[in-house]
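The next block holds one structure in the form of structure tokens; read it before the comments.
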Amino acid sequence: DAGVIQSPRHEVTEMGQEVTLRCKPISGHDYLFWYRQTMMRGLELLIYFNNNVPIDDSGMPEDRFSAKMPNASFSTLKIQPSEPRDSAVYFCASSQRPGLAGGPTDTQYFGPGTRLTVL
Amino acid sequence: GDSVTQMEGPVTLSEEAFLTINCTYTATGYPSLFWYVQYPGEGLQLLLKATKADDKGSNKGFEATYRKETTSFHLEKGSVQVSDSAVYFCALSDLGGGSEKLVFGKGTKLTVNP
């Protein structure tokens, strides 16, 4: 399996521009998570989805941030308008919860991240 | 709410030294416990996990034992290598408490010198 795929790996943009980050989870995984990592705040969970439905978006910093998951193999995190304080590394992760026969598993698999710089 | 507290770094060791990174947790249910590792410029990777009390997770020479009585999951390695230099995150998942989220500690940066 290719693992979790994120694009772009690096993004440099100017304040006020729209930024879209993309994620392809591991095939068959039911959960998708978006995280942000900064030196000051560490690793923060922004939002997560189960079967393409947003479950908890309490970590989304403000209305400028939005996330969608139109199908099981694709998700986007959009920032509009972007600000310098949004500069961070954004990670996508996915996990699987098999049925009763397999028991639950909660291991999350992370993508390589997108390093965003807003000038 | 659930939380994870881990030893703050940075930690600097010489090659072949013994490593301990402390991690304690609070949780409402019976969580699974994890150590993730992040190498420079990469995403987090699962290092090891334990799902119930007294379980020992192990991988690549690292070990951690789930201690319910002390609510701890300390990471240890008997002899570190330069290639172990990374940031280590302790985390918990409280599925029994009704949450699929991972709760992470702040991370501990380890540098191993030759």
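The chains in the structure tokens are called A, B, ... from first to last as shown; in each chain the residues are counted from 1, and the ligands are counted from 1 in the order shown.
Counting only C-alpha atoms, every residue of chain A that comes within 7 Å of chain B is listed here: Gly42, Asp106, Tyr109, Phe110, Gly111, Pro112 and Gly113 of chain A.
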- Message: Neighbouring residues of A:Ser75 were defined as those with any atom within 12 Å, considering only C-alpha atoms; residues of the same chain fewer than 2 positions away were excluded. Please report them as a ChimeraX atom specification.
- Response: /A:4-7,20-26,31-34,47-54,66-73,77-78,91-94
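Atom CA of B:Pro114 to atom CA of B:Leu47 spans 22.6 Å [interatomic distance, one decimal].
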- Item | strand (DSSP E) positions in stretch 55-110 of chain A, given as a PyMOL selection string | chain A and resi 55-56+65-71+74-79+88-95+109-110
Kindly save the residues from that selection, with C-alpha atoms included, as an mmCIF file, in the first residue's frame.
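Output contents, as saved in selection.cif:
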data_model
loop_
_atom_site.group_PDB
_atom_site.id
_atom_site.type_symbol
_atom_site.label_atom_id
_atom_site.label_comp_id
_atom_site.auth_asym_id
_atom_site.auth_seq_id
_atom_site.Cartn_x
_atom_site.Cartn_y
_atom_site.Cartn_z
ATOM 1 C CA ILE A 55 -17.523 13.930 13.394
ATOM 2 C CA ASP A 56 -15.637 16.528 15.387
ATOM 3 C CA PHE A 65 -10.704 26.868 7.771
ATOM 4 C CA SER A 66 -12.946 24.299 6.130
ATOM 5 C CA ALA A 67 -12.573 20.604 5.360
ATOM 6 C CA LYS A 68 -14.451 18.251 3.089
ATOM 7 C CA MET A 69 -14.421 14.594 2.278
ATOM 8 C CA PRO A 70 -16.459 14.063 -0.895
ATOM 9 C CA ASN A 71 -15.609 10.374 -1.079
ATOM 10 C CA PHE A 74 -10.100 12.063 -0.960
ATOM 11 C CA SER A 75 -10.229 14.941 1.488
ATOM 12 C CA THR A 76 -9.342 18.624 1.340
ATOM 13 C CA LEU A 77 -8.463 21.226 3.932
ATOM 14 C CA LYS A 78 -9.005 24.758 2.730
ATOM 15 C CA ILE A 79 -7.869 28.031 4.247
ATOM 16 C CA ALA A 88 2.620 25.181 9.930
ATOM 17 C CA VAL A 89 2.968 21.581 8.840
ATOM 18 C CA TYR A 90 -0.424 20.014 8.173
ATOM 19 C CA PHE A 91 -0.757 16.261 8.506
ATOM 20 C CA CYS A 92 -3.455 13.924 7.356
ATOM 21 C CA ALA A 93 -3.887 10.522 9.010
ATOM 22 C CA SER A 94 -6.231 7.599 8.527
ATOM 23 C CA SER A 95 -7.293 4.620 10.580
ATOM 24 C CA TYR A 109 -1.233 6.191 9.906
ATOM 25 C CA PHE A 110 0.163 9.578 9.043
#
- Hey, what's within 8 Å of B:Thr24 if we count only C-alpha atoms and toss same-chain stuff fewer than 3 positions away? As a PyMOL selection string, please? chain B and resi 4-6+70-74
Written selection (C-alpha atoms) as a PDB file, in the first residue's frame:
ATOM      1  CA  VAL B   4      -1.096  12.778  28.207  1.00  0.00           C
ATOM      2  CA  THR B   5       1.907  14.245  29.980  1.00  0.00           C
ATOM      3  CA  GLN B   6       5.351  13.351  28.773  1.00  0.00           C
ATOM      4  CA  THR B  70       0.679   4.236  37.957  1.00  0.00           C
ATOM      5  CA  THR B  71      -1.118   5.366  34.755  1.00  0.00           C
ATOM      6  CA  SER B  72       2.193   5.304  32.950  1.00  0.00           C
ATOM      7  CA  PHE B  73       3.665   4.122  29.667  1.00  0.00           C
ATOM      8  CA  HIS B  74       7.360   4.976  29.815  1.00  0.00           C
TER       9      HIS B  74
END
